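Trainee: Supplied structure: query-v2.cif, mmCIF, C-alpha atoms.
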```
data_data
#
loop_
_atom_site.group_PDB
_atom_site.id
_atom_site.type_symbol
_atom_site.label_atom_id
_atom_site.label_comp_id
_atom_site.auth_asym_id
_atom_site.auth_seq_id
_atom_site.Cartn_x
_atom_site.Cartn_y
_atom_site.Cartn_z
ATOM 1 C CA MET A 1 75.550 9.515 13.918
ATOM 2 C CA SER A 2 75.613 6.596 11.490
ATOM 3 C CA ARG A 3 72.562 4.626 10.449
ATOM 4 C CA SER A 4 74.375 1.361 11.258
ATOM 5 C CA PHE A 5 75.069 2.598 14.785
ATOM 6 C CA LEU A 6 71.404 3.495 15.371
ATOM 7 C CA HIS A 7 70.377 0.141 13.908
ATOM 8 C CA GLY A 8 72.664 -1.514 16.445
ATOM 9 C CA CYS A 9 70.937 0.445 19.207
ATOM 10 C CA ALA A 10 67.559 -0.858 18.047
ATOM 11 C CA LEU A 11 68.777 -4.456 18.091
ATOM 12 C CA ALA A 12 70.294 -4.031 21.535
ATOM 13 C CA VAL A 13 67.230 -2.490 23.128
ATOM 14 C CA GLY A 14 64.948 -5.043 21.471
ATOM 15 C CA ALA A 15 66.813 -7.844 23.206
ATOM 16 C CA LEU A 16 66.859 -5.976 26.514
ATOM 17 C CA VAL A 17 63.141 -5.163 26.385
ATOM 18 C CA LEU A 18 62.259 -8.794 25.759
ATOM 19 C CA ALA A 19 64.487 -9.848 28.642
ATOM 20 C CA SER A 20 62.968 -7.260 30.964
ATOM 21 C CA CYS A 21 59.461 -8.504 30.220
ATOM 22 C CA ALA A 22 60.519 -11.838 31.663
ATOM 23 C CA ASP A 23 62.249 -10.278 34.701
ATOM 24 C CA THR A 24 59.954 -7.978 36.652
ATOM 25 C CA SER A 25 62.503 -7.124 39.368
ATOM 26 C CA PRO A 26 63.934 -3.700 38.480
ATOM 27 C CA VAL A 27 67.565 -3.029 39.324
ATOM 28 C CA HIS A 28 68.074 0.567 40.467
ATOM 29 C CA GLN A 29 71.339 2.411 39.955
ATOM 30 C CA ALA A 30 72.441 5.150 42.344
ATOM 31 C CA ALA A 31 72.794 8.624 40.890
ATOM 32 C CA PRO A 32 76.214 10.327 40.875
ATOM 33 C CA PRO A 33 76.860 12.928 43.637
ATOM 34 C CA CYS A 34 75.698 15.935 41.591
ATOM 35 C CA CYS A 35 72.174 14.535 41.237
ATOM 36 C CA GLN A 36 71.493 12.561 44.414
ATOM 37 C CA THR A 37 67.898 11.353 44.636
ATOM 38 C CA GLN A 38 65.707 8.490 45.766
ATOM 39 C CA LEU A 39 64.088 8.386 42.317
ATOM 40 C CA PRO A 40 65.470 5.880 39.791
ATOM 41 C CA THR A 41 67.875 7.765 37.529
ATOM 42 C CA LEU A 42 70.530 7.283 34.888
ATOM 43 C CA HIS A 43 73.114 10.086 34.837
ATOM 44 C CA ILE A 44 75.886 10.092 32.242
ATOM 45 C CA GLU A 45 78.308 12.927 31.465
ATOM 46 C CA GLN A 46 80.076 12.569 28.109
ATOM 47 C CA GLY A 47 83.510 14.092 27.558
ATOM 48 C CA SER A 48 82.238 15.435 24.235
ATOM 49 C CA GLY A 49 79.883 17.795 26.061
ATOM 50 C CA GLY A 50 76.697 15.766 25.824
ATOM 51 C CA ALA A 51 75.036 14.573 29.021
ATOM 52 C CA LEU A 52 71.987 12.624 30.142
ATOM 53 C CA LEU A 53 69.838 12.740 33.248
ATOM 54 C CA TYR A 54 67.035 10.195 32.840
ATOM 55 C CA ILE A 55 64.447 10.193 35.645
ATOM 56 C CA GLY A 56 61.985 7.325 36.098
ATOM 57 C CA THR A 57 58.745 8.213 37.887
ATOM 58 C CA ARG A 58 55.526 6.758 39.227
ATOM 59 C CA HIS A 59 52.827 8.458 37.182
ATOM 60 C CA THR A 60 51.010 11.067 39.235
ATOM 61 C CA ALA A 61 48.584 13.975 38.870
ATOM 62 C CA ASP A 62 49.003 15.063 42.510
ATOM 63 C CA PRO A 63 50.815 18.414 42.884
ATOM 64 C CA THR A 64 51.808 17.470 46.457
ATOM 65 C CA ASP A 65 53.561 14.272 45.345
ATOM 66 C CA PRO A 66 57.212 14.589 46.487
ATOM 67 C CA GLN A 67 58.308 13.477 43.014
ATOM 68 C CA ILE A 68 57.250 16.852 41.604
ATOM 69 C CA GLU A 69 59.617 18.908 43.732
ATOM 70 C CA GLU A 70 62.332 16.303 43.214
ATOM 71 C CA ILE A 71 62.055 16.593 39.423
ATOM 72 C CA ALA A 72 62.262 20.390 39.732
ATOM 73 C CA ARG A 73 65.346 20.188 41.966
ATOM 74 C CA LEU A 74 67.134 17.726 39.693
ATOM 75 C CA ALA A 75 66.404 19.893 36.658
ATOM 76 C CA ARG A 76 67.922 22.914 38.413
ATOM 77 C CA GLU A 77 71.054 20.952 39.313
ATOM 78 C CA PHE A 78 71.480 19.300 35.914
ATOM 79 C CA ARG A 79 70.847 22.458 33.820
ATOM 80 C CA PRO A 80 69.500 20.738 30.678
ATOM 81 C CA THR A 81 69.550 22.182 27.186
ATOM 82 C CA LEU A 82 66.811 19.806 25.976
ATOM 83 C CA VAL A 83 63.882 18.101 27.729
ATOM 84 C CA LEU A 84 62.359 14.847 26.476
ATOM 85 C CA ASN A 85 59.119 13.617 28.035
ATOM 86 C CA GLU A 86 56.897 10.592 27.732
ATOM 87 C CA GLY A 87 53.290 11.278 26.834
ATOM 88 C CA GLY A 88 53.339 13.355 23.674
ATOM 89 C CA ASN A 89 53.187 17.137 23.551
ATOM 90 C CA PRO A 90 50.775 18.429 26.229
ATOM 91 C CA PRO A 91 49.923 22.155 25.763
ATOM 92 C CA VAL A 92 51.510 23.511 28.947
ATOM 93 C CA SER A 93 53.120 26.738 27.723
ATOM 94 C CA GLY A 94 50.026 28.843 28.453
ATOM 95 C CA LEU A 95 49.756 27.649 32.059
ATOM 96 C CA THR A 96 51.412 29.681 34.809
ATOM 97 C CA ALA A 97 50.569 27.675 37.941
ATOM 98 C CA ARG A 98 52.661 24.575 38.581
ATOM 99 C CA ASP A 99 49.834 22.795 40.405
ATOM 100 C CA ASP A 100 47.460 23.278 37.467
ATOM 101 C CA VAL A 101 50.025 21.737 35.115
ATOM 102 C CA VAL A 102 50.453 18.655 37.301
ATOM 103 C CA ARG A 103 46.703 18.172 37.793
ATOM 104 C CA SER A 104 46.059 18.426 34.063
ATOM 105 C CA PHE A 105 49.101 16.692 32.565
ATOM 106 C CA GLY A 106 50.888 14.832 35.360
ATOM 107 C CA GLU A 107 54.611 14.768 35.960
ATOM 108 C CA MET A 108 55.298 14.431 32.223
ATOM 109 C CA GLY A 109 53.536 17.716 31.534
ATOM 110 C CA PHE A 110 55.419 19.204 34.474
ATOM 111 C CA ALA A 111 58.756 18.266 32.883
ATOM 112 C CA ARG A 112 57.642 19.991 29.709
ATOM 113 C CA TRP A 113 56.497 23.027 31.730
ATOM 114 C CA ILE A 114 59.973 23.280 33.289
ATOM 115 C CA ALA A 115 61.362 23.542 29.759
ATOM 116 C CA SER A 116 58.768 26.156 28.829
ATOM 117 C CA GLN A 117 59.582 28.299 31.865
ATOM 118 C CA ALA A 118 63.306 28.139 31.061
ATOM 119 C CA LYS A 119 62.684 28.704 27.328
ATOM 120 C CA LEU A 120 64.265 25.351 26.492
ATOM 121 C CA PRO A 121 63.242 23.053 23.625
ATOM 122 C CA ALA A 122 61.077 20.102 24.644
ATOM 123 C CA ASN A 123 60.134 17.077 22.571
ATOM 124 C CA SER A 124 58.208 13.878 23.068
ATOM 125 C CA VAL A 125 60.376 10.805 23.542
ATOM 126 C CA ASP A 126 57.528 8.688 22.148
ATOM 127 C CA PRO A 127 57.207 7.664 18.489
ATOM 128 C CA GLU A 128 54.534 9.221 16.329
ATOM 129 C CA TRP A 129 51.128 7.695 16.997
ATOM 130 C CA ALA A 130 50.695 6.659 13.358
ATOM 131 C CA ASP A 131 53.970 4.735 13.470
ATOM 132 C CA GLU A 132 53.148 3.001 16.742
ATOM 133 C CA ILE A 133 49.624 2.004 15.769
ATOM 134 C CA ALA A 134 50.823 0.755 12.367
ATOM 135 C CA HIS A 135 53.259 -1.512 14.183
ATOM 136 C CA VAL A 136 50.671 -2.690 16.716
ATOM 137 C CA VAL A 137 48.022 -3.517 14.091
ATOM 138 C CA SER A 138 50.646 -5.423 12.103
ATOM 139 C CA LYS A 139 50.752 -7.820 15.074
ATOM 140 C CA HIS A 140 47.158 -7.588 16.399
ATOM 141 C CA SER A 141 43.730 -6.764 14.955
ATOM 142 C CA PRO A 142 42.571 -3.109 14.863
ATOM 143 C CA GLN A 143 39.701 -4.023 17.201
ATOM 144 C CA VAL A 144 42.026 -5.514 19.822
ATOM 145 C CA ALA A 145 44.321 -2.497 19.473
ATOM 146 C CA LYS A 146 41.473 -0.027 20.083
ATOM 147 C CA VAL A 147 40.255 -1.927 23.133
ATOM 148 C CA PHE A 148 43.803 -1.955 24.498
ATOM 149 C CA TYR A 149 44.317 1.800 24.118
ATOM 150 C CA ALA A 150 40.886 2.640 25.548
ATOM 151 C CA VAL A 151 41.324 0.407 28.594
ATOM 152 C CA ARG A 152 44.884 1.655 29.131
ATOM 153 C CA ALA A 153 43.589 5.226 29.364
ATOM 154 C CA VAL A 154 41.028 4.478 32.099
ATOM 155 C CA PRO A 155 43.322 4.537 35.184
ATOM 156 C CA GLY A 156 44.642 7.934 34.092
ATOM 157 C CA PHE A 157 41.114 9.238 33.590
ATOM 158 C CA ARG A 158 40.282 8.228 37.152
ATOM 159 C CA ARG A 159 43.426 9.928 38.534
ATOM 160 C CA ASN A 160 42.979 13.239 36.756
ATOM 161 C CA GLN A 161 40.285 15.616 37.932
ATOM 162 C CA ASP A 162 37.485 16.189 35.429
ATOM 163 C CA THR A 163 33.798 17.014 35.744
ATOM 164 C CA ALA A 164 32.885 14.553 32.976
ATOM 165 C CA SER A 165 31.935 10.974 33.798
ATOM 166 C CA ILE A 166 34.321 8.141 33.010
ATOM 167 C CA GLU A 167 31.966 7.053 30.200
ATOM 168 C CA GLU A 168 32.028 10.535 28.660
ATOM 169 C CA ARG A 169 35.805 10.666 28.821
ATOM 170 C CA VAL A 170 36.191 7.292 27.119
ATOM 171 C CA ASP A 171 33.663 8.360 24.472
ATOM 172 C CA ARG A 172 35.743 11.480 23.810
ATOM 173 C CA TYR A 173 38.949 9.461 23.674
ATOM 174 C CA LEU A 174 37.535 6.971 21.170
ATOM 175 C CA SER A 175 36.313 9.817 18.943
ATOM 176 C CA VAL A 176 39.610 11.705 18.644
ATOM 177 C CA PRO A 177 41.023 11.494 15.109
ATOM 178 C CA ARG A 178 43.928 9.210 15.984
ATOM 179 C CA MET A 179 41.585 6.603 17.497
ATOM 180 C CA ALA A 180 38.838 7.007 14.911
ATOM 181 C CA ALA A 181 41.447 6.503 12.180
ATOM 182 C CA VAL A 182 42.047 2.941 13.377
ATOM 183 C CA GLY A 183 38.535 2.103 12.184
ATOM 184 C CA GLY A 184 35.853 -0.246 13.478
ATOM 185 C CA PRO A 185 34.585 -0.792 17.014
ATOM 186 C CA PRO A 186 34.732 0.154 19.787
ATOM 187 C CA ARG A 187 33.542 3.628 18.856
ATOM 188 C CA THR A 188 31.900 4.334 22.226
ATOM 189 C CA SER A 189 32.150 3.213 25.840
ATOM 190 C CA THR A 190 28.949 1.213 25.314
ATOM 191 C CA GLU A 191 30.660 -0.870 22.623
ATOM 192 C CA LEU A 192 33.760 -1.287 24.771
ATOM 193 C CA ALA A 193 32.194 -3.477 27.480
ATOM 194 C CA PRO A 194 31.159 -6.537 25.398
ATOM 195 C CA LEU A 195 34.366 -6.445 23.360
ATOM 196 C CA LEU A 196 36.500 -6.410 26.488
ATOM 197 C CA LEU A 197 34.475 -9.254 27.970
ATOM 198 C CA ALA A 198 35.068 -11.359 24.849
ATOM 199 C CA MET A 199 38.810 -10.637 24.758
ATOM 200 C CA ALA A 200 39.573 -10.585 28.458
ATOM 201 C CA PRO A 201 36.823 -12.313 30.449
ATOM 202 C CA GLY A 202 38.819 -12.323 33.678
ATOM 203 C CA PRO A 203 39.426 -8.692 34.673
ATOM 204 C CA GLY A 204 35.818 -7.427 34.815
ATOM 205 C CA ASP A 205 34.184 -3.998 34.351
ATOM 206 C CA TRP A 206 36.354 -1.691 32.231
ATOM 207 C CA ARG A 207 35.486 1.227 34.542
ATOM 208 C CA GLU A 208 37.562 -0.474 37.243
ATOM 209 C CA ALA A 209 40.555 -1.132 34.980
ATOM 210 C CA THR A 210 43.941 -0.997 36.705
ATOM 211 C CA VAL A 211 47.354 -0.570 35.129
ATOM 212 C CA GLU A 212 47.876 -4.339 35.408
ATOM 213 C CA TRP A 213 45.182 -4.971 32.800
ATOM 214 C CA THR A 214 47.356 -3.372 30.117
ATOM 215 C CA SER A 215 50.795 -3.937 31.628
ATOM 216 C CA PRO A 216 53.531 -5.620 29.571
ATOM 217 C CA TRP A 217 54.670 -7.361 32.767
ATOM 218 C CA GLU A 218 51.378 -9.239 33.334
ATOM 219 C CA LYS A 219 49.784 -12.196 31.537
ATOM 220 C CA LEU A 220 46.096 -11.649 32.288
ATOM 221 C CA SER A 221 44.791 -11.481 28.716
ATOM 222 C CA VAL A 222 45.548 -10.601 25.105
ATOM 223 C CA LEU A 223 45.710 -6.948 26.204
ATOM 224 C CA ASN A 224 49.004 -7.693 27.942
ATOM 225 C CA ASP A 225 50.300 -9.163 24.677
ATOM 226 C CA VAL A 226 49.413 -5.902 22.920
ATOM 227 C CA ALA A 227 51.167 -4.009 25.708
ATOM 228 C CA ARG A 228 54.373 -5.934 25.083
ATOM 229 C CA THR A 229 54.198 -5.173 21.363
ATOM 230 C CA SER A 230 53.603 -1.473 22.010
ATOM 231 C CA THR A 231 56.209 -1.177 24.755
ATOM 232 C CA GLN A 232 59.007 -2.814 22.796
ATOM 233 C CA PHE A 233 58.363 -0.556 19.797
ATOM 234 C CA ARG A 234 58.238 2.572 21.971
ATOM 235 C CA GLU A 235 61.357 1.720 23.944
ATOM 236 C CA GLU A 236 63.417 1.017 20.834
ATOM 237 C CA TYR A 237 62.417 4.479 19.616
ATOM 238 C CA MET A 238 63.202 6.042 23.008
ATOM 239 C CA VAL A 239 66.735 4.663 22.978
ATOM 240 C CA ARG A 240 67.429 5.948 19.470
ATOM 241 C CA THR A 241 66.037 9.396 20.328
ATOM 242 C CA ILE A 242 67.951 9.756 23.602
ATOM 243 C CA VAL A 243 71.268 8.492 22.223
ATOM 244 C CA GLU A 244 71.030 10.737 19.177
ATOM 245 C CA ALA A 245 70.287 13.822 21.328
ATOM 246 C CA VAL A 246 73.239 13.171 23.660
ATOM 247 C CA GLY A 247 75.416 12.494 20.615
ATOM 248 C CA ASN A 248 74.465 15.966 19.371
ATOM 249 C CA ARG A 249 76.063 17.376 22.557
ATOM 250 C CA GLU A 250 72.810 18.288 24.250
ATOM 251 C CA ARG A 251 72.369 18.089 28.009
ATOM 252 C CA VAL A 252 69.271 15.924 27.894
ATOM 253 C CA LEU A 253 66.733 15.673 30.719
ATOM 254 C CA VAL A 254 64.385 12.722 30.151
ATOM 255 C CA VAL A 255 61.281 12.014 32.250
ATOM 256 C CA THR A 256 59.291 8.803 31.710
ATOM 257 C CA GLY A 257 57.671 6.109 33.798
ATOM 258 C CA ARG A 258 60.258 4.151 35.738
ATOM 259 C CA SER A 259 59.613 0.884 33.884
ATOM 260 C CA HIS A 260 60.868 2.480 30.648
ATOM 261 C CA LEU A 261 64.052 3.625 32.374
ATOM 262 C CA GLU A 262 64.767 0.179 33.772
ATOM 263 C CA ALA A 263 64.035 -1.541 30.449
ATOM 264 C CA THR A 264 66.260 0.778 28.396
ATOM 265 C CA ARG A 265 69.046 1.540 30.884
ATOM 266 C CA GLY A 266 71.467 -1.111 29.595
ATOM 267 C CA ALA A 267 70.943 -0.289 25.913
ATOM 268 C CA ILE A 268 71.437 3.446 26.510
ATOM 269 C CA GLU A 269 74.607 2.911 28.548
ATOM 270 C CA SER A 270 76.015 0.537 25.939
ATOM 271 C CA ALA A 271 75.203 2.830 23.014
ATOM 272 C CA LEU A 272 76.701 5.898 24.690
ATOM 273 C CA ARG A 273 79.864 3.982 25.596
ATOM 274 C CA ARG A 274 80.284 2.995 21.941
ATOM 275 C CA ALA A 275 79.677 6.570 20.820
ATOM 276 C CA HIS A 276 82.113 8.091 23.331
#
```
Could I get this structure in the form of structure tokens?
Mentor:
Amino acid sequence: MSRSFLHGCALAVGALVLASCADTSPVHQAAPPCCQTQLPTLHIEQGSGGALLYIGTRHTADPTDPQIEEIARLAREFRPTLVLNEGGNPPVSGLTARDDVVRSFGEMGFARWIASQAKLPANSVDPEWADEIAHVVSKHSPQVAKVFYAVRAVPGFRRNQDTASIEERVDRYLSVPRMAAVGGPPRTSTELAPLLLAMAPGPGDWREATVEWTSPWEKLSVLNDVARTSTQFREEYMVRTIVEAVGNRERVLVVTGRSHLEATRGAIESALRRAH
């Protein structure tokens, strides 16, 4: 696949991501008959042998969430040769119980577990952390970036079961090498509170953070500006990764949050049409 073609994909998705930030009304597309579902999907079968089933989810850590069984059913029907998931590379291969996987790593970890059980390759559809953070701090200060990532993690910490307090979990998160490498405060949850208050006086106590505080679709504070920077960079990378995998004649199952699917749908369809 040519470098100029992939560059064109990046330009296309950049324009679509910016447009989608202004339009918060997602447009859902019905799945073809072989993969009928109520979940947002994009299903494309290429004559060359490559295929895509992209599933958009509401993030969950609840094993009883109907989305979990639906993802499993769609994977069985689609018969992927490669799984791409949002959320990095959670260590799911040693887990045998489906419910434990979902509680620990959500539906993204579950998608990766499906691949592990079927002995299929699985990769993250996200860019490397170092690349993303380098891009974010080229647009915003390291301090603002660290506050953004810490606050963004809080809703997930509340969803997932853990015996540690929310303060302890944020302290751990801020001390992991990838966060510590950013440098400067906040280094602990204690330092987080006054910094958040200075940057985003409206929302309130960081312990009560909701996804809206760090959503690219909202305009509550500078944290939403950082979210737009991060999201556009990630989604440009997602499009390149997905299109390249399908172009390599893989049957690609992708599982991400539904907002990423809706933001990248048009760019993926356009790129795969040009490649066909």
Trainee: Selection in question (the file shown): the PyMOL selection byres ((chain A and resi 221) around 12). Which residues does it include, as a ChimeraX atom specification?
Mentor: /A:144,147-148,196-204,212-220,222-228
Trainee: Which residues fall under the PyMOL selection byres ((chain A and resi 47-63) around 7) in this file, as a CSV table (one decimal) with C-alpha atoms, in the coordinates of the input?
Mentor:
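And here is the file that came out, result01.csv:
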```csv
chain,number,residue,atom,x,y,z
A,39,LEU,CA,64.1,8.4,42.3
A,40,PRO,CA,65.5,5.9,39.8
A,41,THR,CA,67.9,7.8,37.5
A,42,LEU,CA,70.5,7.3,34.9
A,43,HIS,CA,73.1,10.1,34.8
A,44,ILE,CA,75.9,10.1,32.2
A,45,GLU,CA,78.3,12.9,31.5
A,46,GLN,CA,80.1,12.6,28.1
A,64,THR,CA,51.8,17.5,46.5
A,65,ASP,CA,53.6,14.3,45.3
A,68,ILE,CA,57.2,16.9,41.6
A,99,ASP,CA,49.8,22.8,40.4
A,102,VAL,CA,50.5,18.7,37.3
A,103,ARG,CA,46.7,18.2,37.8
A,105,PHE,CA,49.1,16.7,32.6
A,106,GLY,CA,50.9,14.8,35.4
A,107,GLU,CA,54.6,14.8,36.0
A,159,ARG,CA,43.4,9.9,38.5
A,160,ASN,CA,43.0,13.2,36.8
A,246,VAL,CA,73.2,13.2,23.7
A,247,GLY,CA,75.4,12.5,20.6
A,248,ASN,CA,74.5,16.0,19.4
A,249,ARG,CA,76.1,17.4,22.6
A,250,GLU,CA,72.8,18.3,24.2
A,251,ARG,CA,72.4,18.1,28.0
A,252,VAL,CA,69.3,15.9,27.9
A,253,LEU,CA,66.7,15.7,30.7
A,254,VAL,CA,64.4,12.7,30.2
A,255,VAL,CA,61.3,12.0,32.2
A,256,THR,CA,59.3,8.8,31.7
A,257,GLY,CA,57.7,6.1,33.8
A,258,ARG,CA,60.3,4.2,35.7
A,261,LEU,CA,64.1,3.6,32.4
```
Trainee: Have a look at CA of Lys139 (chain A) and CA of Ser230 (chain A) and let me know their distance in Å, one decimal.
Mentor: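 Taking CA of Lys139 (chain A) as the start and CA of Ser230 (chain A) as the end point, the length is 9.8 Å.
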Trainee: Could you expand the PyMOL selection byres ((chain A and resi 78) around 8) into the explicit residues it covers here, written as a list in words?
Mentor: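 In the shown coordinates, the PyMOL selection byres ((chain A and resi 78) around 8) covers Cys34, Cys35, Leu53, Leu74, Ala75, Arg76, Glu77, Arg79, Pro80 and Leu253 of chain A.
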Trainee: Excluding Ala180 (chain A) and any residue of its chain fewer than 5 positions from it, enumerate the residues within 12 Å of it, using only C-alpha atoms, and give them as a PyMOL selection string.
Mentor: chain A and resi 130+133+142-143+145-146+149-150+171-175+185-188
Trainee: Name all residues at most 12 Å from Ala97 (chain A) (count only C-alpha atoms; drop same-chain ones fewer than 4 positions away) and give them as a short mmCIF file (atom, residue, chain, number, x, y, z; two decimals) with C-alpha atoms, in the coordinates of the input.
Mentor:
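The resulting file, part-v6.cif, is shown below:
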```cif
data_model
loop_
_atom_site.label_atom_id
_atom_site.label_comp_id
_atom_site.auth_asym_id
_atom_site.auth_seq_id
_atom_site.Cartn_x
_atom_site.Cartn_y
_atom_site.Cartn_z
CA PRO A 63 50.82 18.41 42.88
CA VAL A 92 51.51 23.51 28.95
CA SER A 93 53.12 26.74 27.72
CA VAL A 101 50.02 21.74 35.12
CA VAL A 102 50.45 18.66 37.30
CA ARG A 103 46.70 18.17 37.79
CA SER A 104 46.06 18.43 34.06
CA PHE A 110 55.42 19.20 34.47
CA TRP A 113 56.50 23.03 31.73
CA ILE A 114 59.97 23.28 33.29
CA GLN A 117 59.58 28.30 31.86
#
```
Trainee: So, counting all atoms listed in the file, which residue among A:Ser124, A:Gly88, A:Ala115, A:Leu272 is closest to Ile71 (chain A)?
Mentor: A:Ala115
Trainee: Counting all atoms listed in the file, figure out which residue out of A:Arg178, A:Arg240, A:Arg158, A:Lys119 gets nearest to Glu132 (chain A).
Mentor: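 Selected residue with least distance to Glu132 (chain A): A:Arg178.
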Trainee: Just to confirm, what's the straight-line distance from CA of Val239 (chain A) to CA of His260 (chain A) in Å (one decimal)?
Mentor: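 Atom-to-atom, CA of Val239 (chain A) to CA of His260 (chain A), that is 9.9 Å.
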Trainee: When you draw a straight line from CA of Leu192 (chain A) to CA of Met108 (chain A), how long is it in Å?
Mentor: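 These atoms are spaced 27.7 Å apart.
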Trainee: Would you mind listing what lies within 12 Å of Ile166 (chain A) as a count of residues only, with only C-alpha atoms counted and same-chain residues fewer than 2 positions away left out?
Mentor: 27
Trainee: Find, counting all atoms listed in the file, the residue in A:Arg234, A:Arg274, A:Arg73, A:Arg112 that gets nearest to Asn89 (chain A).
Mentor: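 Among the listed residues, A:Arg112 lies closest to Asn89 (chain A).
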Trainee: Using all atoms listed in the file, which of A:Trp129, A:Pro91, A:Ala111, A:Ser116 sits nearest Pro177 (chain A)?
Mentor: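 Answer, going by the shortest atom-to-atom distance: A:Trp129.
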Trainee: I'd like to know which of A:Leu195, A:Ala263, A:Val243, A:Val137 is closest to Ala275 (chain A), using only C-alpha atoms.
Mentor: A:Val243
Trainee: Take region 161-174 of chain A, model N, CA and C atoms, and hand the result over as a PDB file, keeping the file's coordinate frame.
Mentor:
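result01.pdb written:
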```pdb
ATOM      1  N   GLN A 161      41.558  14.991  37.581  1.00  0.00           N
ATOM      2  CA  GLN A 161      40.285  15.616  37.932  1.00  0.00           C
ATOM      3  C   GLN A 161      39.574  16.098  36.669  1.00  0.00           C
ATOM      4  N   ASP A 162      38.285  15.785  36.584  1.00  0.00           N
ATOM      5  CA  ASP A 162      37.485  16.189  35.429  1.00  0.00           C
ATOM      6  C   ASP A 162      36.023  16.091  35.843  1.00  0.00           C
ATOM      7  N   THR A 163      35.222  17.039  35.389  1.00  0.00           N
ATOM      8  CA  THR A 163      33.798  17.014  35.744  1.00  0.00           C
ATOM      9  C   THR A 163      33.031  15.982  34.933  1.00  0.00           C
ATOM     10  N   ALA A 164      33.576  15.534  33.819  1.00  0.00           N
ATOM     11  CA  ALA A 164      32.885  14.553  32.976  1.00  0.00           C
ATOM     12  C   ALA A 164      32.945  13.168  33.611  1.00  0.00           C
ATOM     13  N   SER A 165      31.946  12.351  33.309  1.00  0.00           N
ATOM     14  CA  SER A 165      31.935  10.974  33.798  1.00  0.00           C
ATOM     15  C   SER A 165      33.000  10.162  33.072  1.00  0.00           C
ATOM     16  N   ILE A 166      33.320   9.006  33.636  1.00  0.00           N
ATOM     17  CA  ILE A 166      34.321   8.141  33.010  1.00  0.00           C
ATOM     18  C   ILE A 166      33.839   7.679  31.633  1.00  0.00           C
ATOM     19  N   GLU A 167      32.520   7.453  31.499  1.00  0.00           N
ATOM     20  CA  GLU A 167      31.966   7.053  30.200  1.00  0.00           C
ATOM     21  C   GLU A 167      32.150   8.168  29.164  1.00  0.00           C
ATOM     22  N   GLU A 168      31.879   9.406  29.584  1.00  0.00           N
ATOM     23  CA  GLU A 168      32.028  10.535  28.660  1.00  0.00           C
ATOM     24  C   GLU A 168      33.484  10.710  28.230  1.00  0.00           C
ATOM     25  N   ARG A 169      34.389  10.488  29.148  1.00  0.00           N
ATOM     26  CA  ARG A 169      35.805  10.666  28.821  1.00  0.00           C
ATOM     27  C   ARG A 169      36.297   9.583  27.855  1.00  0.00           C
ATOM     28  N   VAL A 170      35.825   8.354  28.056  1.00  0.00           N
ATOM     29  CA  VAL A 170      36.191   7.292  27.119  1.00  0.00           C
ATOM     30  C   VAL A 170      35.555   7.546  25.754  1.00  0.00           C
ATOM     31  N   ASP A 171      34.305   8.018  25.745  1.00  0.00           N
ATOM     32  CA  ASP A 171      33.663   8.360  24.472  1.00  0.00           C
ATOM     33  C   ASP A 171      34.476   9.413  23.717  1.00  0.00           C
ATOM     34  N   ARG A 172      34.929  10.434  24.439  1.00  0.00           N
ATOM     35  CA  ARG A 172      35.743  11.480  23.810  1.00  0.00           C
ATOM     36  C   ARG A 172      37.042  10.903  23.267  1.00  0.00           C
ATOM     37  N   TYR A 173      37.664  10.047  24.065  1.00  0.00           N
ATOM     38  CA  TYR A 173      38.949   9.461  23.674  1.00  0.00           C
ATOM     39  C   TYR A 173      38.803   8.627  22.404  1.00  0.00           C
ATOM     40  N   LEU A 174      37.742   7.829  22.336  1.00  0.00           N
ATOM     41  CA  LEU A 174      37.535   6.971  21.170  1.00  0.00           C
ATOM     42  C   LEU A 174      37.165   7.759  19.922  1.00  0.00           C
TER      43      LEU A 174
END
```
